[in-house]
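Trainee: My structure file start.cif, mmCIF, C-alpha atoms, is below:
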```cif
data_upload
#
loop_
_atom_site.label_atom_id
_atom_site.label_comp_id
_atom_site.auth_asym_id
_atom_site.auth_seq_id
_atom_site.Cartn_x
_atom_site.Cartn_y
_atom_site.Cartn_z
CA MET I 1055 -6.20 -8.08 52.15
CA LYS I 1056 -6.54 -10.63 55.00
CA LYS I 1057 -7.50 -13.31 52.47
CA LEU I 1058 -4.50 -12.46 50.30
CA LEU I 1059 -2.16 -12.66 53.31
CA ALA I 1060 -3.64 -15.97 54.35
CA ILE I 1061 -3.07 -17.36 50.86
CA LEU I 1062 0.52 -16.13 50.82
CA ILE I 1063 1.25 -17.52 54.32
CA ASN I 1064 0.09 -20.94 53.21
CA LEU I 1065 2.04 -20.85 49.94
CA PRO I 1066 5.43 -22.53 49.69
CA LEU I 1067 8.30 -20.04 49.85
CA ALA I 1068 9.24 -20.48 46.16
CA ALA I 1069 5.68 -19.89 45.06
CA ALA I 1070 5.37 -16.78 47.21
CA LEU I 1071 8.62 -15.42 45.78
CA LEU I 1072 7.35 -16.11 42.26
CA PHE I 1073 4.13 -14.25 43.06
CA PHE I 1074 5.96 -11.17 44.25
CA THR I 1075 8.45 -11.33 41.36
CA THR I 1076 5.66 -11.54 38.80
CA ALA I 1077 3.71 -8.74 40.45
CA SER I 1078 6.81 -6.54 40.54
CA ALA I 1079 7.50 -7.24 36.86
CA LEU I 1080 3.95 -6.32 35.93
CA GLN I 1081 4.13 -3.11 37.94
CA ALA I 1082 7.45 -2.23 36.28
CA GLN I 1083 5.98 -2.89 32.81
CA GLU I 1084 2.91 -0.78 33.58
CA LYS I 1085 5.16 2.03 34.80
CA GLN I 1086 7.26 1.80 31.60
CA ASP I 1087 4.10 1.83 29.49
CA ASP I 1088 2.87 4.93 31.32
CA VAL I 1089 6.21 6.66 30.73
CA LEU I 1090 6.04 5.87 27.00
CA LEU I 1091 2.45 7.07 26.84
CA ASP I 1092 3.42 10.30 28.56
CA ARG I 1093 6.34 10.82 26.18
CA ILE I 1094 4.17 10.28 23.11
CA SER I 1095 1.43 12.54 24.46
CA SER I 1096 3.95 15.32 25.12
CA ILE I 1097 5.10 15.50 21.46
CA SER I 1098 4.12 18.81 19.90
CA GLY I 1099 1.13 18.42 17.59
CA VAL I 1100 0.05 15.04 18.99
CA THR I 1101 -3.55 14.71 20.19
CA GLY I 1102 -6.07 11.98 20.96
CA VAL I 1103 -3.61 9.25 21.98
CA GLU I 1104 -5.39 5.93 22.58
CA ARG I 1105 -4.01 2.60 23.70
CA LEU I 1106 -4.84 -0.35 21.44
CA LYS I 1107 -4.64 -4.10 21.88
CA SER I 1108 -1.81 -5.99 20.21
CA THR I 1109 -0.83 -9.64 20.07
CA HIS I 1110 2.73 -8.82 18.96
CA PHE I 1111 3.84 -5.65 20.73
CA LYS I 1112 4.44 -4.56 24.30
CA ASP I 1113 2.15 -1.64 23.71
CA LYS I 1114 0.38 -0.02 20.79
CA TYR I 1115 -1.16 3.41 20.31
CA VAL I 1116 -3.10 5.39 17.76
CA LEU I 1117 -2.87 9.17 17.68
CA MET I 1118 -3.51 12.20 15.53
CA PHE I 1119 -0.58 14.34 14.39
CA GLU I 1120 -1.07 17.92 13.23
CA GLN I 1121 0.43 18.61 9.81
CA PRO I 1122 0.57 21.69 7.56
CA LEU I 1123 -1.55 21.42 4.43
CA ASP I 1124 1.41 22.87 2.55
CA HIS I 1125 4.76 22.34 4.24
CA LYS I 1126 6.36 25.22 2.34
CA ARG I 1127 3.51 27.58 3.23
CA PRO I 1128 2.33 26.59 6.72
CA GLU I 1129 0.08 29.63 6.92
CA LYS I 1130 -2.33 27.81 4.56
CA GLY I 1131 -3.67 25.77 7.43
CA THR I 1132 -3.35 22.33 8.97
CA PHE I 1133 -4.99 18.92 9.08
CA ARG I 1134 -4.73 15.93 11.41
CA GLN I 1135 -2.98 12.77 10.24
CA ARG I 1136 -3.55 9.36 11.81
CA VAL I 1137 -0.47 7.56 13.10
CA PHE I 1138 -0.10 4.15 14.77
CA VAL I 1139 2.84 3.47 17.10
CA MET I 1140 3.84 -0.08 18.08
CA ASN I 1141 6.58 -0.70 20.64
CA ALA I 1142 8.76 -3.82 20.44
CA GLY I 1143 11.49 -2.24 22.56
CA LEU I 1144 13.02 1.21 22.74
CA ASP I 1145 16.41 -0.31 21.88
CA ARG I 1146 15.06 -1.93 18.69
CA PRO I 1147 15.10 -0.52 15.11
CA THR I 1148 11.93 1.15 13.88
CA VAL I 1149 9.97 0.42 10.72
CA ILE I 1150 8.31 3.49 9.19
CA VAL I 1151 5.31 2.08 7.29
CA THR I 1152 4.61 4.57 4.51
CA GLU I 1153 1.02 3.62 3.72
CA GLY I 1154 -0.20 4.97 0.39
CA TYR I 1155 -3.89 4.82 1.31
CA GLY I 1156 -5.92 4.48 4.51
CA ALA I 1157 -4.51 2.82 7.62
CA ALA I 1158 -7.58 1.22 9.20
CA TYR I 1159 -6.18 -2.31 9.00
CA ALA I 1160 -3.24 -1.32 11.23
CA SER I 1161 -5.66 -1.08 14.15
CA ARG I 1162 -6.16 -4.86 14.20
CA PRO I 1163 -4.55 -6.50 17.25
CA GLN I 1164 -2.90 -9.08 14.94
CA TYR I 1165 -1.28 -6.53 12.63
CA ARG I 1166 2.47 -6.69 12.11
CA ASP I 1167 4.31 -6.08 8.85
CA GLU I 1168 6.91 -8.66 7.83
CA ILE I 1169 9.94 -6.37 8.14
CA SER I 1170 9.06 -5.71 11.78
CA ARG I 1171 8.63 -9.44 12.29
CA PHE I 1172 11.96 -10.32 10.66
CA LEU I 1173 13.88 -7.66 12.61
CA ASP I 1174 11.84 -7.54 15.86
CA ALA I 1175 11.33 -3.85 15.18
CA ASN I 1176 9.01 -1.11 16.35
CA ILE I 1177 6.48 0.33 13.91
CA ILE I 1178 5.45 3.89 13.20
CA PHE I 1179 2.61 3.55 10.71
CA VAL I 1180 1.52 6.74 8.94
CA GLU I 1181 -1.77 6.99 7.09
CA HIS I 1182 -1.43 8.90 3.81
CA ARG I 1183 -2.84 12.40 3.64
CA TYR I 1184 -6.32 12.70 2.07
CA PHE I 1185 -7.36 9.14 3.03
CA LEU I 1186 -9.82 7.98 5.72
CA GLU I 1187 -9.08 9.77 9.02
CA SER I 1188 -6.38 11.98 7.49
CA VAL I 1189 -8.56 14.10 5.20
CA PRO I 1190 -8.46 17.90 5.61
CA ASP I 1191 -11.71 19.66 6.47
CA THR I 1192 -11.48 21.57 3.19
CA LEU I 1193 -10.62 19.28 0.29
CA ASP I 1194 -8.18 21.28 -1.82
CA TRP I 1195 -6.39 18.93 -4.24
CA LYS I 1196 -3.43 21.22 -4.84
CA TYR I 1197 -1.98 20.20 -1.48
CA LEU I 1198 -2.06 16.50 -2.37
CA THR I 1199 1.50 16.16 -3.66
CA ALA I 1200 4.27 13.61 -3.31
CA GLU I 1201 6.51 16.26 -1.81
CA ASN I 1202 3.99 17.14 0.89
CA SER I 1203 3.53 13.44 1.69
CA ALA I 1204 7.32 13.11 2.11
CA TYR I 1205 7.35 16.09 4.46
CA ASP I 1206 4.50 14.50 6.44
CA LEU I 1207 6.65 11.43 7.03
CA HIS I 1208 9.71 13.54 7.81
CA ARG I 1209 7.88 15.48 10.54
CA VAL I 1210 6.48 12.30 12.12
CA THR I 1211 9.85 10.54 12.05
CA THR I 1212 11.62 13.59 13.49
CA ALA I 1213 9.06 13.85 16.28
CA PHE I 1214 9.71 10.27 17.41
CA LYS I 1215 13.52 10.27 17.08
CA GLU I 1216 14.06 10.93 20.78
CA ILE I 1217 11.84 7.98 21.74
CA PHE I 1218 12.91 5.38 19.19
CA LYS I 1219 16.62 5.97 18.64
CA GLY I 1220 17.49 2.84 16.66
CA LYS I 1221 17.93 2.58 12.91
CA ARG I 1222 14.95 3.29 10.67
CA ILE I 1223 13.56 1.22 7.82
CA ALA I 1224 11.01 2.82 5.46
CA THR I 1225 8.66 0.33 3.82
CA GLY I 1226 5.32 0.21 2.07
CA ILE I 1227 3.34 -1.86 -0.40
CA SER I 1228 2.23 -0.80 -3.91
CA LYS I 1229 1.41 2.91 -3.65
CA GLY I 1230 2.88 2.67 -0.18
CA GLY I 1231 6.03 1.32 -1.83
CA GLN I 1232 6.05 4.37 -4.08
CA THR I 1233 5.66 6.50 -0.97
CA ALA I 1234 8.64 4.76 0.70
CA LEU I 1235 10.75 5.54 -2.38
CA ILE I 1236 9.49 9.13 -2.47
CA TYR I 1237 10.22 9.64 1.22
CA THR I 1238 13.71 8.18 0.91
CA ALA I 1239 14.48 10.31 -2.15
CA PHE I 1240 13.37 13.54 -0.45
CA PHE I 1241 14.83 12.76 2.98
CA PRO I 1242 17.62 10.16 2.65
CA GLU I 1243 19.06 11.25 6.01
CA ASP I 1244 15.86 10.03 7.71
CA VAL I 1245 16.19 6.46 6.47
CA ASP I 1246 18.86 3.82 7.03
CA ILE I 1247 17.15 1.20 4.84
CA ALA I 1248 14.21 1.31 2.44
CA VAL I 1249 12.17 -1.73 1.37
CA PRO I 1250 9.53 -0.75 -1.21
CA TYR I 1251 7.26 -3.64 -2.22
CA VAL I 1252 5.81 -3.86 -5.77
CA ALA I 1253 6.44 -0.15 -6.21
CA PRO I 1254 5.71 1.26 -9.69
CA LEU I 1255 7.61 4.14 -11.25
CA CYS I 1256 5.41 5.50 -14.03
CA LYS I 1257 6.52 8.17 -16.47
CA SER I 1258 3.12 9.44 -17.62
CA ARG I 1259 -0.59 9.40 -16.91
CA GLU I 1260 -1.04 6.40 -19.24
CA ASP I 1261 2.48 5.05 -19.13
CA GLY I 1262 2.30 2.76 -22.18
CA ARG I 1263 4.48 -0.09 -20.87
CA HIS I 1264 1.74 -2.08 -19.14
CA GLU I 1265 -0.17 -3.02 -22.30
CA PRO I 1266 2.72 -4.78 -24.11
CA PHE I 1267 3.69 -6.41 -20.80
CA LEU I 1268 0.22 -7.99 -20.64
CA SER I 1269 0.06 -8.93 -24.31
CA ASP I 1270 3.63 -10.23 -24.71
CA PHE I 1271 5.11 -11.21 -21.35
CA ALA I 1272 2.81 -12.12 -18.44
CA GLY I 1273 2.24 -15.88 -18.25
CA THR I 1274 2.64 -18.09 -21.31
CA PRO I 1275 1.42 -17.38 -24.87
CA ARG I 1276 -1.35 -19.96 -24.38
CA GLU I 1277 -2.48 -18.34 -21.11
CA ARG I 1278 -2.51 -14.87 -22.65
CA GLU I 1279 -4.52 -16.16 -25.61
CA LYS I 1280 -6.99 -17.78 -23.25
CA LEU I 1281 -7.60 -14.48 -21.47
CA THR I 1282 -7.98 -12.53 -24.73
CA ASN I 1283 -10.50 -15.10 -25.97
CA LEU I 1284 -12.38 -14.74 -22.68
CA GLN I 1285 -12.56 -10.97 -23.14
CA ARG I 1286 -13.82 -11.37 -26.71
CA GLU I 1287 -16.47 -13.85 -25.62
CA ILE I 1288 -17.80 -11.52 -22.91
CA LEU I 1289 -18.05 -8.74 -25.48
CA GLU I 1290 -19.65 -10.98 -28.09
CA ARG I 1291 -22.22 -12.24 -25.59
CA ARG I 1292 -23.20 -8.74 -24.48
CA GLU I 1293 -26.89 -9.31 -25.24
CA GLU I 1294 -27.22 -11.98 -22.57
CA LEU I 1295 -24.66 -10.59 -20.11
CA GLN I 1296 -25.48 -6.86 -20.14
CA PRO I 1297 -28.81 -7.39 -18.26
CA LYS I 1298 -26.93 -9.30 -15.54
CA PHE I 1299 -24.35 -6.51 -15.41
CA ASP I 1300 -27.04 -3.81 -15.13
CA SER I 1301 -28.92 -5.75 -12.47
CA LEU I 1302 -25.81 -6.22 -10.34
CA CYS I 1303 -24.96 -2.52 -10.54
CA SER I 1304 -28.51 -1.61 -9.55
CA VAL I 1305 -28.62 -3.99 -6.59
CA LYS I 1306 -25.21 -2.87 -5.36
CA GLY I 1307 -26.08 0.80 -5.84
CA TYR I 1308 -23.12 1.47 -8.11
CA ARG I 1309 -23.13 4.88 -9.79
CA PHE I 1310 -20.87 5.73 -12.74
CA ARG I 1311 -20.07 8.82 -14.78
CA LEU I 1312 -20.46 6.86 -18.02
CA PRO I 1313 -23.34 4.71 -19.29
CA ASN I 1314 -23.40 1.11 -18.07
CA GLU I 1315 -22.64 -0.12 -21.60
CA GLU I 1316 -19.32 1.73 -21.53
CA ILE I 1317 -18.45 0.62 -18.00
CA TYR I 1318 -19.12 -2.92 -19.28
CA ASP I 1319 -16.35 -2.35 -21.83
CA TYR I 1320 -13.92 -1.01 -19.25
CA SER I 1321 -14.58 -3.95 -16.93
CA VAL I 1322 -13.65 -6.28 -19.80
CA LEU I 1323 -10.53 -4.27 -20.65
CA GLU I 1324 -9.46 -4.34 -16.99
CA LEU I 1325 -9.77 -8.13 -16.76
CA PRO I 1326 -6.22 -9.24 -17.73
CA PHE I 1327 -4.62 -6.52 -15.62
CA ALA I 1328 -6.61 -7.61 -12.56
CA PHE I 1329 -6.01 -11.30 -13.36
CA TRP I 1330 -2.23 -11.02 -13.39
CA GLN I 1331 -2.03 -8.39 -10.67
CA TRP I 1332 -3.57 -10.73 -8.10
CA GLY I 1333 -2.14 -13.99 -9.43
CA SER I 1334 -5.40 -15.70 -10.33
CA PRO I 1335 -5.22 -19.39 -11.40
CA ILE I 1336 -5.54 -19.88 -15.16
CA SER I 1337 -7.30 -23.20 -14.47
CA GLU I 1338 -10.37 -21.30 -13.22
CA VAL I 1339 -10.95 -19.43 -16.49
CA PRO I 1340 -14.28 -20.64 -17.95
CA ALA I 1341 -14.14 -22.73 -21.10
CA PRO I 1342 -15.53 -21.24 -24.34
CA GLY I 1343 -19.32 -21.43 -24.46
CA ALA I 1344 -19.67 -21.61 -20.66
CA HIS I 1345 -23.09 -21.10 -19.12
CA PRO I 1346 -23.82 -17.35 -18.88
CA ASP I 1347 -24.15 -17.52 -15.08
CA SER I 1348 -20.73 -19.15 -14.72
CA LEU I 1349 -19.15 -16.76 -17.22
CA PHE I 1350 -20.64 -13.72 -15.52
CA ALA I 1351 -19.70 -14.91 -12.02
CA TYR I 1352 -16.08 -15.41 -13.02
CA TRP I 1353 -15.89 -12.04 -14.78
CA MET I 1354 -17.28 -10.28 -11.69
CA LYS I 1355 -14.86 -12.16 -9.43
CA ILE I 1356 -11.85 -10.93 -11.41
CA SER I 1357 -12.96 -7.52 -12.67
CA SER I 1358 -15.98 -6.14 -10.85
CA PRO I 1359 -17.37 -2.76 -11.97
CA ASP I 1360 -17.17 -1.42 -8.42
CA TYR I 1361 -13.63 -0.34 -9.34
CA PHE I 1362 -15.14 2.24 -11.73
CA ARG I 1363 -17.61 3.76 -9.27
CA ASP I 1364 -17.92 7.53 -9.04
CA SER I 1365 -16.51 9.19 -5.89
CA SER I 1366 -14.99 6.03 -4.43
CA SER I 1367 -12.81 6.02 -1.32
CA THR I 1368 -9.72 5.87 -3.57
CA GLN I 1369 -10.52 9.07 -5.45
CA ALA I 1370 -7.49 10.78 -3.92
CA PHE I 1371 -5.28 8.11 -5.45
CA PHE I 1372 -6.56 8.83 -8.95
CA VAL I 1373 -5.88 12.52 -8.42
CA GLN I 1374 -2.29 11.67 -7.53
CA ALA I 1375 -1.97 9.28 -10.46
CA ALA I 1376 -3.16 11.94 -12.87
CA LYS I 1377 -0.90 14.63 -11.40
CA GLU I 1378 2.46 12.90 -10.87
CA LEU I 1379 2.36 9.20 -9.94
CA GLY I 1380 1.15 7.96 -13.32
CA TYR I 1381 -1.02 4.97 -14.24
CA TYR I 1382 -1.73 2.53 -17.05
CA GLY I 1383 -3.81 2.47 -20.23
CA TYR I 1384 -5.86 -0.14 -22.12
CA ASP I 1385 -5.24 -1.76 -25.49
CA THR I 1386 -8.54 -1.75 -27.40
CA ARG I 1387 -7.15 -3.01 -30.74
CA PRO I 1388 -7.91 -6.74 -30.23
CA PHE I 1389 -11.61 -5.89 -29.74
CA LYS I 1390 -12.32 -3.69 -32.73
CA GLY I 1391 -16.05 -3.65 -33.52
CA LEU I 1392 -17.02 -5.15 -30.14
CA LEU I 1393 -16.72 -2.10 -27.89
CA ARG I 1394 -19.24 0.67 -27.29
CA ILE I 1395 -16.45 3.11 -26.47
CA LYS I 1396 -14.49 4.66 -29.35
CA ASN I 1397 -11.20 4.34 -27.47
CA ALA I 1398 -9.90 4.28 -23.90
CA LYS I 1399 -7.67 7.34 -24.10
CA GLY I 1400 -8.06 9.75 -21.20
CA TYR I 1401 -10.23 7.38 -19.20
CA LEU I 1402 -8.97 8.69 -15.84
CA GLU I 1403 -10.60 12.05 -16.54
CA LYS I 1404 -13.76 10.44 -17.89
CA ILE I 1405 -14.30 8.02 -15.01
CA PHE I 1406 -12.38 8.99 -11.87
CA LEU I 1407 -11.18 12.57 -11.57
CA PRO I 1408 -13.15 15.33 -9.85
CA GLU I 1409 -13.45 18.35 -12.14
CA GLU I 1410 -11.65 20.65 -9.73
CA SER I 1411 -8.55 18.43 -9.79
CA ALA I 1412 -7.87 18.78 -13.53
CA THR I 1413 -4.19 19.31 -14.20
CA ARG I 1414 -1.42 18.28 -16.58
CA PHE I 1415 0.86 15.41 -15.64
CA ASP I 1416 4.15 16.57 -14.13
CA LYS I 1417 7.12 14.33 -15.03
CA GLY I 1418 9.35 15.98 -12.46
CA LEU I 1419 8.72 13.33 -9.81
CA TYR I 1420 9.46 10.47 -12.23
CA ARG I 1421 12.76 12.08 -13.25
CA LYS I 1422 13.75 12.73 -9.64
CA LEU I 1423 13.03 9.17 -8.48
CA LYS I 1424 14.63 7.52 -11.51
CA LYS I 1425 17.80 9.56 -11.02
CA PHE I 1426 17.80 8.88 -7.28
CA VAL I 1427 17.62 5.09 -7.67
CA ALA I 1428 20.31 5.13 -10.36
CA LYS I 1429 22.81 7.12 -8.32
CA THR I 1430 21.92 6.66 -4.67
CA ASP I 1431 24.26 5.26 -2.04
CA GLU I 1432 21.27 4.40 0.15
CA LYS I 1433 20.55 0.79 1.10
CA MET I 1434 17.34 -0.13 -0.74
CA MET I 1435 15.64 -3.45 -1.42
CA PHE I 1436 12.85 -3.58 -4.04
CA ILE I 1437 10.53 -6.59 -4.15
CA TYR I 1438 8.47 -7.39 -7.29
CA GLY I 1439 6.35 -10.18 -8.75
CA GLU I 1440 7.42 -11.38 -12.21
CA PHE I 1441 3.93 -11.32 -13.78
CA ASP I 1442 2.52 -8.40 -11.82
CA PRO I 1443 1.60 -5.75 -14.43
CA TRP I 1444 3.17 -3.14 -12.16
CA SER I 1445 6.51 -4.83 -12.78
CA ALA I 1446 6.29 -3.36 -16.29
CA VAL I 1447 7.25 -0.08 -14.63
CA LYS I 1448 9.57 -1.31 -11.89
CA VAL I 1449 12.69 0.68 -11.09
CA SER I 1450 15.63 0.22 -13.43
CA GLU I 1451 18.67 -1.85 -12.51
CA PRO I 1452 20.88 0.46 -10.41
CA LYS I 1453 24.59 1.11 -10.61
CA SER I 1454 24.99 0.96 -6.84
CA ASP I 1455 25.63 -2.32 -5.01
CA GLY I 1456 23.53 -0.96 -2.16
CA VAL I 1457 20.33 -1.26 -4.20
CA VAL I 1458 18.90 -4.77 -4.53
CA ILE I 1459 16.00 -5.78 -6.79
CA LEU I 1460 14.39 -9.16 -6.06
CA VAL I 1461 11.71 -10.57 -8.39
CA GLN I 1462 9.52 -13.49 -7.33
CA PRO I 1463 9.35 -15.95 -10.27
CA GLY I 1464 5.77 -16.09 -11.55
CA GLY I 1465 4.81 -13.72 -8.74
CA SER I 1466 2.01 -11.17 -8.59
CA HIS I 1467 1.29 -7.95 -6.71
CA ARG I 1468 1.23 -10.11 -3.57
CA ALA I 1469 5.00 -10.62 -3.77
CA ARG I 1470 6.71 -10.23 -0.40
CA ILE I 1471 10.03 -11.34 1.07
CA SER I 1472 8.18 -14.25 2.68
CA THR I 1473 6.81 -15.41 -0.72
CA LEU I 1474 10.21 -15.49 -2.42
CA PRO I 1475 11.91 -18.84 -3.14
CA GLU I 1476 13.74 -20.07 -0.04
CA GLU I 1477 17.27 -19.15 -1.09
CA MET I 1478 16.19 -15.72 -2.28
CA ARG I 1479 14.22 -15.16 0.93
CA LYS I 1480 17.19 -16.12 3.10
CA LYS I 1481 19.44 -13.79 1.12
CA ALA I 1482 16.97 -10.93 1.59
CA VAL I 1483 16.73 -11.36 5.37
CA GLU I 1484 20.50 -11.80 5.71
CA THR I 1485 21.04 -8.64 3.69
CA LEU I 1486 18.67 -6.66 5.91
CA ASN I 1487 20.47 -7.85 9.03
CA LEU I 1488 23.88 -7.02 7.52
CA TRP I 1489 22.64 -3.54 6.63
CA LEU I 1490 21.36 -3.04 10.16
CA ALA I 1491 24.69 -4.12 11.62
CA ASP I 1492 26.65 -1.82 9.31
#
```
Here is the file; what I need is its structure written in the form of structure tokens.

Mentor:
Amino acid sequence: MKKLLAILINLPLAAALLFFTTASALQAQEKQDDVLLDRISSISGVTGVERLKSTHFKDKYVLMFEQPLDHKRPEKGTFRQRVFVMNAGLDRPTVIVTEGYGAAYASRPQYRDEISRFLDANIIFVEHRYFLESVPDTLDWKYLTAENSAYDLHRVTTAFKEIFKGKRIATGISKGGQTALIYTAFFPEDVDIAVPYVAPLCKSREDGRHEPFLSDFAGTPREREKLTNLQREILERREELQPKFDSLCSVKGYRFRLPNEEIYDYSVLELPFAFWQWGSPISEVPAPGAHPDSLFAYWMKISSPDYFRDSSSTQAFFVQAAKELGYYGYDTRPFKGLLRIKNAKGYLEKIFLPEESATRFDKGLYRKLKKFVAKTDEKMMFIYGEFDPWSAVKVSEPKSDGVVILVQPGGSHRARISTLPEEMRKKAVETLNLWLAD
């Protein structure tokens, strides 16, 4: 203390005042942080609150939130759902990130979604039930429904309303985009704005619209032909490529429900979908007759068999796809006589679904969401990539002026507001700000 006083006595008056001002500001910020921490910790059902580092927010926390397994029958038990909370200012709007999978990446100090960045908004980031840290102790698939996921988000949002009182923007990417749409459709009063990114709206387990999209629309006719020829070549050169395929699967420890020869076929069928989904450069496609090592390396880069592994971390997604979210199929006709599989019908059951999850596809969710988008008065902005196969099942053009659909020309599943052409991007951000001010 004597040393500190001596330093302060010898400091110029302005510097001493700056010291005390800075120290007071830090103490005030720490006190505010403690108050926020106490308020979050006092929310019913919240446990295990931990402070995290952030390069973008005043403070950031991760917590567990108790949820009913079945919101309509709470007596069936509960599970704990992981939630991240990021504070940009209690007077700011709040982005509800409706993640469709696990939320581990939100723990990174650098994490900030683009809507929060554009609007200087808080974030409440909710991990989807049945993924990573949000898996019930007893895995009963009947509780994994879109409706229950919407109720999860509703309970979290309601719990934080008294802390973050500004407007709320629901947003998510891909399956998270679906989840944002689902949440908004079930609880429109919770959401002031929704921004689903690359969100599909499938009408059946194997929807049927993806295959013609890939064969007739994505890219140019020459590019599509080049990919089909690549698929045929990989199938025709099975004798020299199958040993490489088997060796890779053995080294990586991949286990499948089907023989390797059939997984080989599915990896080839998946290739154009994966190519266009992630916007791969057509210039990198190997020329006909390429060295087997080069051909194999490229194939594995675009369409690795790890996607078809048994009991993967995304198993819960396939259960949802089979039950009510829907998915895509494969067109085997161009490869007649080259495949070991007879056809690709029902491949979700053959490759991905646990036996205890078997169920018929329910079109009720598709009908509800389609009708909601067509007639809603909610402010919604959908972002898609032109050549993303999921754009084959994008939402239909709405009747309401409050619903905006923006498609990135030549874009992929990576389409975001920040990747749109400049004029389109400016329009999107201006629209969001106008909606917030409304």

Trainee: Ranking I:Phe1327, I:Phe1415, I:Phe1299, I:Phe1406 by minimum distance to Phe1371 in chain I and counting only C-alpha atoms, which one comes first?

Mentor: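 Checking each candidate against Phe1371 in chain I, we get I:Phe1406 as the closest.
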
Trainee: Using the chain letters and numbers from the file, which residues does the PyMOL selection byres ((chain I and resi 1409) around 12) grab, as a PDB file with C-alpha atoms, in the frame of the given file?

Mentor:
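Written output follows (part-v3.pdb):
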```pdb
ATOM      1  CA  ASP I1194      -8.180  21.280  -1.820  1.00  0.00           C
ATOM      2  CA  TRP I1195      -6.390  18.930  -4.240  1.00  0.00           C
ATOM      3  CA  ARG I1311     -20.070   8.820 -14.780  1.00  0.00           C
ATOM      4  CA  SER I1365     -16.510   9.190  -5.890  1.00  0.00           C
ATOM      5  CA  GLN I1369     -10.520   9.070  -5.450  1.00  0.00           C
ATOM      6  CA  VAL I1373      -5.880  12.520  -8.420  1.00  0.00           C
ATOM      7  CA  LEU I1402      -8.970   8.690 -15.840  1.00  0.00           C
ATOM      8  CA  GLU I1403     -10.600  12.050 -16.540  1.00  0.00           C
ATOM      9  CA  LYS I1404     -13.760  10.440 -17.890  1.00  0.00           C
ATOM     10  CA  ILE I1405     -14.300   8.020 -15.010  1.00  0.00           C
ATOM     11  CA  PHE I1406     -12.380   8.990 -11.870  1.00  0.00           C
ATOM     12  CA  LEU I1407     -11.180  12.570 -11.570  1.00  0.00           C
ATOM     13  CA  PRO I1408     -13.150  15.330  -9.850  1.00  0.00           C
ATOM     14  CA  GLU I1410     -11.650  20.650  -9.730  1.00  0.00           C
ATOM     15  CA  SER I1411      -8.550  18.430  -9.790  1.00  0.00           C
ATOM     16  CA  ALA I1412      -7.870  18.780 -13.530  1.00  0.00           C
ATOM     17  CA  THR I1413      -4.190  19.310 -14.200  1.00  0.00           C
TER      18      THR I1413
END
```

Trainee: Using all atoms listed in the file, can you tell me which of I:Glu1187, I:Asp1416, I:Glu1168, I:Asp1174 comes closest to Thr1148 in chain I?

Mentor: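 Answer, going by the shortest atom-to-atom distance: I:Asp1174.
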
Trainee: Suppose you want the space between CA of Glu1476 in chain I and CA of Ser1228 in chain I; what is it in Å?

Mentor: 22.8 Å

Trainee: Evaluate the PyMOL selection byres ((chain I and resi 1157) around 10) and record the selected residues as an MDAnalysis selection string, following the chain and residue labels used in the document.

Mentor: chainID I and resid 1136:1138 1151:1156 1158:1161 1179:1182 1185:1188

Trainee: Can you write just those residues out, C-alpha atoms, as a PDB file, in the frame of the given file?

Mentor:
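As a result, selection-v6.pdb now contains:
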```
ATOM      1  CA  ARG I1136      -3.550   9.360  11.810  1.00  0.00           C
ATOM      2  CA  VAL I1137      -0.470   7.560  13.100  1.00  0.00           C
ATOM      3  CA  PHE I1138      -0.100   4.150  14.770  1.00  0.00           C
ATOM      4  CA  VAL I1151       5.310   2.080   7.290  1.00  0.00           C
ATOM      5  CA  THR I1152       4.610   4.570   4.510  1.00  0.00           C
ATOM      6  CA  GLU I1153       1.020   3.620   3.720  1.00  0.00           C
ATOM      7  CA  GLY I1154      -0.200   4.970   0.390  1.00  0.00           C
ATOM      8  CA  TYR I1155      -3.890   4.820   1.310  1.00  0.00           C
ATOM      9  CA  GLY I1156      -5.920   4.480   4.510  1.00  0.00           C
ATOM     10  CA  ALA I1158      -7.580   1.220   9.200  1.00  0.00           C
ATOM     11  CA  TYR I1159      -6.180  -2.310   9.000  1.00  0.00           C
ATOM     12  CA  ALA I1160      -3.240  -1.320  11.230  1.00  0.00           C
ATOM     13  CA  SER I1161      -5.660  -1.080  14.150  1.00  0.00           C
ATOM     14  CA  PHE I1179       2.610   3.550  10.710  1.00  0.00           C
ATOM     15  CA  VAL I1180       1.520   6.740   8.940  1.00  0.00           C
ATOM     16  CA  GLU I1181      -1.770   6.990   7.090  1.00  0.00           C
ATOM     17  CA  HIS I1182      -1.430   8.900   3.810  1.00  0.00           C
ATOM     18  CA  PHE I1185      -7.360   9.140   3.030  1.00  0.00           C
ATOM     19  CA  LEU I1186      -9.820   7.980   5.720  1.00  0.00           C
ATOM     20  CA  GLU I1187      -9.080   9.770   9.020  1.00  0.00           C
ATOM     21  CA  SER I1188      -6.380  11.980   7.490  1.00  0.00           C
TER      22      SER I1188
END
```

Trainee: Could you check how far CA of Ser1454 in chain I sits from CA of Ala1248 in chain I, in Å to one decimal?

Mentor: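 Value for the CA of Ser1454 in chain I-CA of Ala1248 in chain I distance: 14.2 Å.
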
Trainee: Calculate how many Å separate CA of Gly1262 in chain I from CA of Thr1430 in chain I, rounding to one decimal.

Mentor: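 It comes out at 26.6 Å.
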
Trainee: Given all atoms listed in the file, how would the per-residue table for range 1304-1365 of chain I near range 1382-1390 of chain I read, listing every residue at most 9 Å away with its closest atom pair and distance in Å to one decimal, sorted by chain and number, as JSON lines?

Mentor:
```
{"residue": "I:Tyr1320", "atom": "CA", "partner": "I:Tyr1384", "partner_atom": "CA", "distance": 8.6}
{"residue": "I:Leu1323", "atom": "CA", "partner": "I:Tyr1384", "partner_atom": "CA", "distance": 6.4}
{"residue": "I:Glu1324", "atom": "CA", "partner": "I:Tyr1384", "partner_atom": "CA", "distance": 7.5}
```
